[in-house]
$ cat my_file14.cif   # mmCIF, C-alpha atoms
data_protein
loop_
_atom_site.label_atom_id
_atom_site.label_comp_id
_atom_site.auth_asym_id
_atom_site.auth_seq_id
_atom_site.Cartn_x
_atom_site.Cartn_y
_atom_site.Cartn_z
CA MET A 1 125.51 -101.37 175.74
CA GLU A 2 128.00 -103.45 177.64
CA ASP A 3 126.14 -106.71 177.52
CA GLN A 4 125.60 -106.31 173.81
CA ILE A 5 129.30 -106.02 173.26
CA LYS A 6 130.02 -108.85 175.66
CA SER A 7 127.57 -111.12 173.96
CA GLY A 8 129.56 -110.65 170.82
CA ARG A 9 126.71 -108.83 169.14
CA ALA A 10 128.09 -105.34 169.09
CA ARG A 11 125.57 -103.32 167.19
CA TRP A 12 125.17 -99.82 165.98
CA LEU A 13 123.33 -97.61 168.36
CA SER A 14 120.75 -95.07 167.43
CA ALA A 15 120.52 -91.57 168.78
CA PRO A 16 117.34 -92.34 170.73
CA THR A 17 119.13 -95.11 172.57
CA VAL A 18 122.02 -92.93 173.59
CA LEU A 19 120.16 -89.69 174.17
CA GLY A 20 116.86 -90.91 175.50
CA CYS A 21 117.15 -94.26 177.16
CA ARG A 22 120.45 -94.29 179.02
CA PRO A 23 120.73 -92.75 182.47
CA ALA A 24 122.75 -89.58 182.39
CA ALA A 25 123.38 -89.62 186.15
CA GLY A 26 127.00 -90.02 187.06
CA TRP A 27 128.34 -88.46 183.90
CA GLY A 28 130.36 -85.30 184.48
CA GLN A 29 129.28 -82.34 182.40
CA PRO A 30 132.42 -82.30 180.26
CA ALA A 31 131.52 -85.81 179.13
CA LEU A 32 128.25 -84.62 177.60
CA PRO A 33 129.66 -83.13 174.37
CA VAL A 34 131.77 -86.25 173.95
CA LEU A 35 128.72 -88.42 174.38
CA LEU A 36 126.80 -86.32 171.89
CA ALA A 37 129.62 -86.47 169.40
CA LEU A 38 129.55 -90.26 169.69
CA ALA A 39 125.80 -90.23 169.32
CA MET A 40 126.06 -88.26 166.11
CA LEU A 41 128.54 -90.68 164.63
CA VAL A 42 126.29 -93.66 165.07
CA THR A 43 122.95 -92.06 164.31
CA GLY A 44 120.38 -93.97 162.38
CA CYS A 45 122.36 -97.12 161.95
CA ARG A 46 120.55 -99.46 164.27
CA GLN A 47 118.75 -102.02 162.20
CA ASP A 48 117.18 -104.64 164.48
CA MET A 49 113.65 -103.29 164.32
CA ASN A 50 113.99 -102.41 160.67
CA ASP A 51 115.06 -105.92 159.79
CA GLN A 52 113.05 -108.22 161.98
CA PRO A 53 113.53 -111.98 161.78
CA LYS A 54 110.29 -112.59 159.91
CA MET A 55 109.27 -113.26 156.35
CA LYS A 56 107.79 -110.65 154.10
CA PRO A 57 106.86 -111.20 150.44
CA LEU A 58 109.87 -112.02 148.25
CA ARG A 59 112.31 -112.00 151.16
CA GLY A 60 114.99 -114.64 150.79
CA THR A 61 115.88 -117.11 153.50
CA ASP A 62 118.62 -119.65 154.17
CA PHE A 63 116.15 -121.87 156.00
CA PHE A 64 114.86 -123.55 152.86
CA ALA A 65 117.18 -125.12 150.31
CA ASP A 66 115.81 -123.08 147.39
CA GLY A 67 116.41 -119.80 149.23
CA ARG A 68 112.76 -118.71 149.01
CA SER A 69 110.60 -117.84 151.98
CA ALA A 70 107.43 -118.28 149.93
CA ARG A 71 106.68 -121.96 149.71
CA PRO A 72 105.22 -123.60 146.63
CA LEU A 73 101.92 -125.41 147.08
CA VAL A 74 102.03 -129.16 147.24
CA PRO A 75 101.15 -130.31 143.69
CA ASP A 76 97.42 -130.73 143.09
CA THR A 77 96.47 -128.72 146.18
CA VAL A 78 92.99 -127.25 145.89
CA ALA A 79 91.82 -124.62 148.35
CA ARG A 80 88.37 -125.35 149.75
CA GLY A 81 85.75 -123.99 147.38
CA HIS A 82 88.24 -123.44 144.57
CA LEU A 83 87.97 -126.69 142.63
CA ARG A 84 87.79 -125.70 138.98
CA THR A 85 84.92 -127.81 137.73
CA ASN A 86 83.76 -125.44 135.00
CA GLU A 87 85.52 -126.88 131.96
CA HIS A 88 84.27 -124.14 129.65
CA PHE A 89 85.49 -121.32 131.90
CA TYR A 90 88.81 -122.78 133.05
CA LEU A 91 89.91 -124.80 130.02
CA GLY A 92 88.06 -123.10 127.19
CA ARG A 93 86.61 -126.47 126.24
CA ILE A 94 83.27 -128.24 126.23
CA GLU A 95 83.56 -132.00 126.53
CA GLY A 96 87.15 -131.79 125.41
CA LYS A 97 86.48 -129.70 122.30
CA LEU A 98 87.48 -126.04 122.03
CA ALA A 99 84.45 -123.94 122.86
CA THR A 100 83.07 -121.71 120.14
CA ASN A 101 81.55 -119.16 122.48
CA LEU A 102 82.51 -117.33 125.66
CA PRO A 103 81.39 -118.63 129.06
CA VAL A 104 80.76 -115.05 130.19
CA ALA A 105 78.41 -112.35 128.93
CA VAL A 106 80.10 -109.95 126.53
CA THR A 107 79.50 -106.50 127.96
CA ALA A 108 81.10 -103.09 127.49
CA PRO A 109 82.99 -103.37 130.82
CA LEU A 110 84.32 -106.79 129.76
CA LEU A 111 85.59 -105.36 126.47
CA ALA A 112 87.16 -102.40 128.28
CA ARG A 113 88.91 -104.77 130.65
CA GLY A 114 89.97 -106.92 127.70
CA ARG A 115 91.41 -103.94 125.91
CA GLU A 116 93.40 -102.89 128.98
CA ARG A 117 94.75 -106.40 129.55
CA TYR A 118 95.45 -106.92 125.83
CA ASP A 119 97.45 -103.69 125.72
CA ILE A 120 99.48 -104.76 128.76
CA PHE A 121 100.19 -108.38 127.98
CA CYS A 122 99.59 -109.00 124.26
CA ALA A 123 100.40 -105.75 122.46
CA PRO A 124 104.17 -105.97 123.11
CA CYS A 125 104.25 -108.68 120.39
CA HIS A 126 100.85 -108.64 118.68
CA ASP A 127 100.68 -104.82 118.53
CA ARG A 128 97.64 -102.81 119.44
CA THR A 129 95.66 -103.73 116.34
CA GLY A 130 96.54 -107.43 116.38
CA GLY A 131 98.67 -107.28 113.24
CA GLY A 132 101.60 -109.01 114.91
CA ASN A 133 104.16 -106.24 114.58
CA GLY A 134 104.69 -105.23 118.21
CA MET A 135 107.85 -103.74 119.64
CA ILE A 136 109.26 -107.10 120.75
CA VAL A 137 108.88 -108.33 117.16
CA GLN A 138 110.60 -105.21 115.90
CA ARG A 139 113.43 -106.07 118.28
CA GLY A 140 113.89 -109.49 116.71
CA PHE A 141 111.32 -111.85 118.20
CA LYS A 142 109.58 -114.22 115.78
CA GLN A 143 106.58 -112.50 114.24
CA PRO A 144 103.26 -114.00 115.32
CA ASN A 145 100.37 -114.52 112.93
CA SER A 146 98.09 -111.59 112.37
CA PHE A 147 94.75 -112.02 114.14
CA HIS A 148 93.20 -110.88 110.88
CA ASN A 149 94.25 -113.76 108.65
CA ASP A 150 91.63 -116.29 107.61
CA ARG A 151 92.88 -119.13 109.78
CA LEU A 152 92.87 -117.14 113.02
CA ARG A 153 89.57 -115.45 112.26
CA GLY A 154 88.08 -118.91 111.88
CA GLU A 155 89.43 -120.27 115.17
CA PRO A 156 86.89 -120.73 117.97
CA ALA A 157 86.97 -118.53 121.08
CA GLY A 158 88.32 -121.43 123.14
CA TYR A 159 91.38 -121.55 120.89
CA TYR A 160 92.50 -118.10 122.03
CA TYR A 161 91.82 -118.96 125.65
CA ASP A 162 93.89 -122.11 125.27
CA VAL A 163 96.83 -120.27 123.69
CA ILE A 164 96.86 -117.62 126.43
CA ALA A 165 96.81 -120.34 129.08
CA ASN A 166 99.27 -122.76 127.52
CA GLY A 167 101.30 -120.83 124.97
CA PHE A 168 101.79 -121.64 121.31
CA GLY A 169 105.01 -122.04 119.33
CA MET A 170 107.41 -119.35 120.53
CA MET A 171 104.79 -117.80 122.80
CA SER A 172 105.02 -118.80 126.46
CA SER A 173 102.09 -119.52 128.68
CA TYR A 174 100.55 -116.42 130.19
CA ALA A 175 98.67 -118.38 132.83
CA ALA A 176 100.70 -116.84 135.65
CA GLN A 177 100.20 -113.28 134.43
CA VAL A 178 96.61 -113.41 133.16
CA PRO A 179 93.93 -115.09 135.32
CA PRO A 180 91.03 -116.95 133.64
CA GLU A 181 88.47 -114.12 133.79
CA ASP A 182 90.97 -111.76 132.14
CA ARG A 183 91.76 -114.36 129.48
CA TRP A 184 88.11 -114.30 128.43
CA ALA A 185 88.08 -110.51 128.47
CA ILE A 186 91.07 -110.58 126.12
CA VAL A 187 89.38 -113.15 123.88
CA ALA A 188 86.36 -110.84 123.61
CA TYR A 189 88.62 -107.92 122.74
CA ILE A 190 90.50 -109.91 120.10
CA ARG A 191 87.12 -110.63 118.50
CA ALA A 192 86.42 -106.89 118.56
CA LEU A 193 89.79 -106.20 116.94
CA GLN A 194 89.05 -108.77 114.25
CA LEU A 195 85.69 -107.17 113.59
CA SER A 196 87.27 -103.72 113.44
CA GLN A 197 89.60 -104.79 110.62
CA HIS A 198 86.83 -106.42 108.58
CA ALA A 199 84.00 -103.99 109.01
CA THR A 200 82.43 -101.80 106.37
CA THR A 201 80.66 -98.50 106.78
CA ASN A 202 77.40 -100.47 106.62
CA ASP A 203 78.24 -102.00 110.01
CA VAL A 204 78.36 -98.61 111.69
CA PRO A 205 75.18 -97.00 113.04
CA ALA A 206 74.30 -93.87 111.05
CA THR A 207 74.89 -91.44 113.94
CA GLU A 208 78.31 -92.92 114.70
CA LEU A 209 79.22 -92.96 111.01
CA GLU A 210 78.62 -89.23 110.81
CA LYS A 211 81.09 -88.67 113.64
CA LEU A 212 83.61 -91.03 112.02
CA LEU A 213 83.48 -89.23 108.69
CA GLN A 214 84.18 -85.92 110.38
CA VAL A 215 87.50 -87.20 111.77
CA LYS A 216 90.36 -86.05 109.56
CA PRO A 217 92.96 -88.75 109.07
CA MET B 1 129.87 -74.22 180.28
CA THR B 2 126.08 -74.12 180.21
CA PHE B 3 126.21 -72.22 176.97
CA GLY B 4 128.63 -74.75 175.55
CA ALA B 5 126.40 -77.66 176.53
CA VAL B 6 123.33 -76.03 174.99
CA ALA B 7 125.24 -75.26 171.83
CA ALA B 8 126.49 -78.84 171.68
CA VAL B 9 122.95 -80.22 172.07
CA LEU B 10 121.64 -77.93 169.34
CA ALA B 11 124.53 -78.79 167.07
CA ALA B 12 123.98 -82.46 167.72
CA GLY B 13 120.28 -82.12 166.95
CA TRP B 14 121.00 -80.31 163.72
CA LEU B 15 123.59 -82.87 162.69
CA VAL B 16 121.34 -85.81 163.48
CA TYR B 17 118.53 -84.21 161.49
CA THR B 18 120.77 -83.38 158.55
CA LEU B 19 122.32 -86.81 158.49
CA ASN B 20 118.91 -88.42 158.62
CA GLN B 21 117.76 -86.42 155.58
CA SER B 22 120.97 -87.04 153.71
CA VAL B 23 121.55 -89.48 150.94
CA PHE B 24 123.70 -91.59 153.30
CA VAL B 25 120.56 -92.57 155.17
CA THR B 26 117.80 -92.21 152.57
CA GLU B 27 119.77 -93.64 149.62
CA VAL B 28 117.77 -91.45 147.26
CA ALA B 29 119.22 -91.51 143.75
CA VAL B 30 121.71 -94.23 144.70
CA ALA B 31 121.69 -97.08 142.21
CA LYS B 32 122.54 -100.42 143.78
CA ASP B 33 124.51 -103.23 142.23
CA GLN B 34 122.19 -105.95 141.03
CA PRO B 35 122.88 -109.47 139.79
CA VAL B 36 121.81 -108.25 136.34
CA PRO B 37 121.98 -104.55 135.37
CA PHE B 38 118.25 -104.42 134.64
CA SER B 39 117.13 -101.24 132.92
CA HIS B 40 113.62 -99.92 133.47
CA LYS B 41 114.45 -97.29 130.85
CA HIS B 42 114.92 -99.93 128.20
CA HIS B 43 111.82 -101.92 129.12
CA VAL B 44 109.43 -99.02 129.74
CA LEU B 45 110.59 -96.11 127.61
CA ASP B 46 112.19 -97.94 124.68
CA VAL B 47 109.99 -101.05 124.48
CA GLY B 48 106.82 -99.60 126.00
CA LEU B 49 105.94 -102.31 128.52
CA ASP B 50 103.28 -101.49 131.08
CA CYS B 51 104.37 -101.69 134.75
CA ARG B 52 101.87 -104.51 135.22
CA TYR B 53 103.39 -106.76 132.59
CA CYS B 54 105.98 -107.71 135.24
CA HIS B 55 104.55 -106.34 138.49
CA THR B 56 101.36 -108.31 138.03
CA ALA B 57 100.21 -108.30 141.64
CA VAL B 58 100.25 -104.55 142.20
CA GLU B 59 96.49 -104.10 141.74
CA GLN B 60 95.37 -106.89 144.08
CA SER B 61 98.15 -107.38 146.57
CA GLY B 62 100.24 -105.62 149.15
CA SER B 63 103.40 -106.50 147.29
CA ALA B 64 103.69 -105.33 143.70
CA GLY B 65 105.67 -108.47 142.98
CA ILE B 66 109.04 -109.03 141.39
CA PRO B 67 108.50 -111.17 138.29
CA PRO B 68 109.70 -114.75 138.25
CA THR B 69 112.51 -115.41 135.77
CA LYS B 70 109.89 -117.09 133.59
CA THR B 71 108.51 -113.62 132.81
CA CYS B 72 111.93 -112.50 131.53
CA ASN B 73 111.94 -115.60 129.40
CA ASN B 74 108.74 -114.61 127.59
CA CYS B 75 110.87 -112.33 125.40
CA HIS B 76 114.39 -113.29 126.42
CA SER B 77 114.01 -116.85 125.22
CA VAL B 78 115.29 -115.24 122.02
CA LEU B 79 116.46 -111.69 122.63
CA PHE B 80 119.75 -110.79 124.25
CA THR B 81 120.40 -114.29 125.56
CA ASP B 82 124.03 -114.47 124.46
CA GLN B 83 125.13 -111.36 126.36
CA ALA B 84 127.50 -111.91 129.31
CA MET B 85 125.42 -109.71 131.61
CA PHE B 86 122.47 -111.96 130.90
CA ALA B 87 124.19 -115.11 132.24
CA PRO B 88 122.55 -114.98 135.72
CA VAL B 89 119.10 -115.04 134.07
CA ASN B 90 119.98 -118.11 132.03
CA GLN B 91 121.44 -119.69 135.15
CA SER B 92 118.26 -118.96 137.10
CA LEU B 93 116.14 -120.56 134.39
CA LYS B 94 118.37 -123.60 134.22
CA THR B 95 118.60 -124.20 137.96
CA ASP B 96 115.16 -122.88 139.01
CA ARG B 97 116.79 -120.68 141.63
CA SER B 98 115.43 -117.16 142.01
CA LEU B 99 117.59 -114.22 141.04
CA ASP B 100 118.79 -112.49 144.20
CA TRP B 101 117.72 -108.95 143.38
CA ILE B 102 118.81 -106.33 145.89
CA ARG B 103 115.81 -104.51 147.34
CA VAL B 104 115.88 -100.82 146.46
CA HIS B 105 112.73 -99.75 148.32
CA ASP B 106 113.23 -101.38 151.70
CA LEU B 107 110.72 -100.19 154.25
CA PRO B 108 111.37 -100.88 157.93
CA ASP B 109 109.66 -104.08 159.07
CA TYR B 110 107.46 -102.19 161.52
CA VAL B 111 105.74 -100.45 158.62
CA TYR B 112 102.71 -101.92 156.92
CA PHE B 113 102.51 -100.90 153.30
CA ASN B 114 100.04 -102.11 150.70
CA HIS B 115 100.44 -101.29 147.01
CA SER B 116 96.93 -102.25 145.94
CA ILE B 117 95.10 -99.69 148.09
CA HIS B 118 97.31 -96.87 146.81
CA VAL B 119 96.78 -97.91 143.21
CA GLN B 120 93.01 -98.30 143.69
CA LYS B 121 92.75 -94.84 145.25
CA GLY B 122 94.56 -93.04 142.46
CA ILE B 123 98.17 -92.84 143.62
CA GLY B 124 100.32 -93.36 140.56
CA CYS B 125 103.51 -95.39 140.31
CA THR B 126 105.68 -92.37 139.56
CA THR B 127 104.40 -90.43 142.58
CA CYS B 128 106.52 -92.62 144.83
CA HIS B 129 108.89 -94.35 142.42
CA GLY B 130 109.80 -91.31 140.36
CA ASP B 131 110.62 -91.23 136.69
CA VAL B 132 111.29 -94.96 136.46
CA GLN B 133 111.11 -94.93 132.68
CA ASN B 134 114.29 -92.88 132.67
CA MET B 135 116.22 -95.05 135.10
CA PRO B 136 118.86 -97.20 133.36
CA LEU B 137 119.51 -98.71 136.80
CA THR B 138 116.92 -98.53 139.55
CA TRP B 139 117.17 -96.10 142.41
CA LYS B 140 114.89 -94.60 145.03
CA ALA B 141 113.30 -91.32 143.98
CA GLN B 142 111.87 -90.53 147.40
CA PRO B 143 113.24 -90.98 150.95
CA LEU B 144 110.31 -93.22 152.08
CA GLN B 145 110.63 -91.77 155.58
CA MET B 146 107.62 -91.22 157.79
CA GLY B 147 107.55 -87.46 157.25
CA TRP B 148 107.42 -88.07 153.53
CA CYS B 149 104.56 -90.58 153.86
CA LEU B 150 102.60 -88.13 156.02
CA GLU B 151 103.00 -85.36 153.48
CA CYS B 152 100.58 -87.27 151.28
CA HIS B 153 98.49 -88.87 154.02
CA ARG B 154 97.68 -85.37 155.24
CA GLN B 155 97.05 -83.86 151.82
CA PRO B 156 96.34 -86.63 149.35
CA GLU B 157 94.60 -84.13 147.04
CA LYS B 158 98.03 -82.81 146.09
CA PHE B 159 99.18 -86.18 144.76
CA ILE B 160 96.09 -88.09 143.68
CA ARG B 161 95.39 -88.66 140.00
CA PRO B 162 92.54 -90.24 138.03
CA ARG B 163 92.54 -94.04 138.35
CA ASP B 164 93.08 -94.58 134.64
CA GLU B 165 96.28 -92.52 134.79
CA VAL B 166 97.86 -94.47 137.66
CA PHE B 167 100.11 -96.51 135.38
CA ASN B 168 100.84 -93.72 132.94
CA PRO B 169 104.53 -92.84 133.45
CA ASP B 170 104.08 -89.52 131.63
CA TRP B 171 101.18 -88.19 133.71
CA LYS B 172 101.63 -84.67 135.08
CA PRO B 173 99.15 -82.73 137.24
CA GLY B 174 97.10 -80.28 135.21
CA PRO B 175 96.79 -76.54 135.89
CA ASN B 176 93.58 -77.08 137.90
CA HIS B 177 94.97 -79.88 139.99
CA ALA B 178 94.04 -78.28 143.32
CA ALA B 179 90.32 -78.50 142.53
CA GLU B 180 90.64 -81.73 140.58
CA GLY B 181 92.55 -83.36 143.47
CA ARG B 182 89.87 -82.44 146.00
CA ARG B 183 87.20 -83.79 143.67
CA LEU B 184 89.02 -87.13 143.26
CA VAL B 185 89.60 -87.49 147.01
CA ALA B 186 85.84 -87.13 147.52
CA GLU B 187 84.95 -89.36 144.56
CA TYR B 188 87.26 -92.19 145.68
CA GLY B 189 85.94 -91.99 149.24
CA ILE B 190 89.27 -91.23 150.88
CA ASN B 191 88.82 -90.48 154.57
CA VAL B 192 91.70 -88.08 155.07
CA LYS B 193 91.32 -87.80 158.86
CA GLN B 194 91.78 -91.52 159.23
CA LEU B 195 94.98 -91.54 157.18
CA GLU B 196 96.96 -90.09 160.07
CA ASN B 197 96.03 -92.85 162.52
CA CYS B 198 99.10 -94.69 163.78
CA SER B 199 97.61 -98.08 163.05
CA VAL B 200 97.08 -97.29 159.37
CA CYS B 201 100.78 -97.93 158.82
CA HIS B 202 101.95 -99.48 162.12
CA ARG B 203 99.87 -102.55 162.78
#
$ encode --input "my_file14.cif" --output "C-alpha cells"
Amino acid sequence: MEDQIKSGRARWLSAPTVLGCRPAAGWGQPALPVLLALAMLVTGCRQDMNDQPKMKPLRGTDFFADGRSARPLVPDTVARGHLRTNEHFYLGRIEGKLATNLPVAVTAPLLARGRERYDIFCAPCHDRTGGGNGMIVQRGFKQPNSFHNDRLRGEPAGYYYDVIANGFGMMSSYAAQVPPEDRWAIVAYIRALQLSQHATTNDVPATELEKLLQVKP
Amino acid sequence: MTFGAVAAVLAAGWLVYTLNQSVFVTEVAVAKDQPVPFSHKHHVLDVGLDCRYCHTAVEQSGSAGIPPTKTCNNCHSVLFTDQAMFAPVNQSLKTDRSLDWIRVHDLPDYVYFNHSIHVQKGIGCTTCHGDVQNMPLTWKAQPLQMGWCLECHRQPEKFIRPRDEVFNPDWKPGPNHAAEGRRLVAEYGINVKQLENCSVCHR
C-alpha cells in the first residue's frame, strides 16, 4: 500500500487486498474493526485488472491521432485468398454490363435469408412489400420508387445488386452493412416480392390456392 | 472482545456483499450521459428497426459493434439534422472522428465474452440487455456479475429461446417453457457441464 502511495499512484483498494493479502500480524485486536471499516469503504473500487492497458473492439486510444484503436487497412489491401475476381458475384456485372441473372442458385434457404435481410435493412424505407412507404419515409425521408413500377420490374438483377452496394440518389451505400452474398439473397427476394404483386390465381398451384381461398381477409 | 470482532467481521461481510449487489457497483438502471442522447425507444419501438440494422456484427463476431456514424447518416442525412442535440453527429461526419460513446455494458478485461455464440445458441438480446425498446436512454438491465452469468450457464434451459426469436424484442417465454427450454438446449447441442469451466469465460 505504501509504495503505491509513494509512487504517486494511490489507488483504490479492494476488500480482497485488505482482508486476504496483507499480513495481519502486528495489528492489535482493537485495530481490526477499524481496518474492516476502512475495507468496507473502499470495496470494489480497484480497477486495474478490470481496465487493463490493452485494446478491445471499439476501445478508444490516445496513441493514434484519430482516437481509434482499430486501424483501417492500407488502401487496396487484399488478404491472401480474398482477391475478388468474380465480377458477376462481387460487382453484379458481366464484362462491365449489369448482369441479368444471379450468380448463385435461387433456393428456398436463399429466399428466406433474403427476406430476413430485406426486412432488416430495406424495409425501413421500402416497406415490407416493396411499395416504398416504410417508416423512415413516413417520418419525412424522400420516398423511393416502388419495386412494382414498370421501370424497376424491368431492371436486371445486377441493377439491384449495384444499388445495394453503391447507393442510388438519396439512398446510401449498404456495402458495409450487407455483404455480397446477402445482397444477392435480397435481390432474389425483391424478385419474389415483384412476382407476388403481379401474380394471378393461375400462378398458384391448385392445392395452395385452396388454402389461400380459405384465408379470410 | 471476541464477540465484537466476530460481529464486526460478519457485519463487514454483509456490507461488502450488499454494496457489491447495489446499484453503486452494478450501475443497473443508471443511464449514462452520452455525447448524443440516443434513444433506443425511438429507433426500435417507434421506427421498428431491427437490432442488426446497426449492430451488424452481432451474429458473426464477439463484439456486437457500435455503428459508424455513416449508419446514422443513412436516415439522418435528412431527418433531424438541424436539432442542437444532433450537432455531434454532424461534427463526426464532417471530421471523420468517431463519436465517443460511453460504454454502458463494460465487462472486466479478464472476461472473455462473445456475442455471436450466444445469439447462435438461442440467447435473445433482451435476456441480457432488458427491454431496450423502452429505453429512451440506454442503461444496464442486468448486473453482468459472475454470479449472474453463472445463473444461465448452469441452467440455460431457463433462458434459451428459439433461434428465430432471438432478435424479437417482444418475445416472452411460453407456459411450457421448462420443457421447451430443455428441448432447445438439446437441439442446439449445448453442453451444459462445459459451460461452468473457468476457461469458458476466463481465457
$ resolve_selection --input "my_file14.cif" --expression "the PyMOL selection byres ((chain B and resi 140) around 9)" --output "MDAnalysis selection string"
chainID B and resid 26:31 104:105 128:130 138:139 141:144
$ write_last_selection --input "my_file14.cif" --atoms "C-alpha atoms" --output "mmCIF file, keeping the file's coordinate frame"
data_model
loop_
_atom_site.group_PDB
_atom_site.id
_atom_site.type_symbol
_atom_site.label_atom_id
_atom_site.label_comp_id
_atom_site.auth_asym_id
_atom_site.auth_seq_id
_atom_site.Cartn_x
_atom_site.Cartn_y
_atom_site.Cartn_z
ATOM 1 C CA THR B 26 117.800 -92.210 152.570
ATOM 2 C CA GLU B 27 119.770 -93.640 149.620
ATOM 3 C CA VAL B 28 117.770 -91.450 147.260
ATOM 4 C CA ALA B 29 119.220 -91.510 143.750
ATOM 5 C CA VAL B 30 121.710 -94.230 144.700
ATOM 6 C CA ALA B 31 121.690 -97.080 142.210
ATOM 7 C CA VAL B 104 115.880 -100.820 146.460
ATOM 8 C CA HIS B 105 112.730 -99.750 148.320
ATOM 9 C CA CYS B 128 106.520 -92.620 144.830
ATOM 10 C CA HIS B 129 108.890 -94.350 142.420
ATOM 11 C CA GLY B 130 109.800 -91.310 140.360
ATOM 12 C CA THR B 138 116.920 -98.530 139.550
ATOM 13 C CA TRP B 139 117.170 -96.100 142.410
ATOM 14 C CA ALA B 141 113.300 -91.320 143.980
ATOM 15 C CA GLN B 142 111.870 -90.530 147.400
ATOM 16 C CA PRO B 143 113.240 -90.980 150.950
ATOM 17 C CA LEU B 144 110.310 -93.220 152.080
#
$ closest_residue --input "my_file14.cif" --among "A:Thr201, A:Leu91, A:Asp76, A:Ala188" --to "Thr107 in chain A" --atoms "only C-alpha atoms"
A:Ala188
$ atom_distance --input "my_file14.cif" --atom1 "CA of Gln194 in chain A" --atom2 "CA of Tyr118 in chain A"
13.4 Å
$ residues_near_point --input "my_file14.cif" --point "(105.1, -113.6, 134.4)" --cutoff "9 Å" --atoms "all atoms listed in the file" --output "PyMOL selection string"
(chain A and resi 173-178) or (chain B and resi 53-56+67-74)
$ resolve_selection --input "my_file14.cif" --expression "the PyMOL selection byres ((chain B and resi 157) around 8)" --output "ChimeraX atom specification"
/B:152,155-156,158-160,178,180-182,184-185
$ atom_distance --input "my_file14.cif" --atom1 "CA of Val204 in chain A" --atom2 "CA of Gly130 in chain A"
20.7 Å
$ atom_distance --input "my_file14.cif" --atom1 "CA of Val187 in chain A" --atom2 "CA of Pro144 in chain A"
16.3 Å
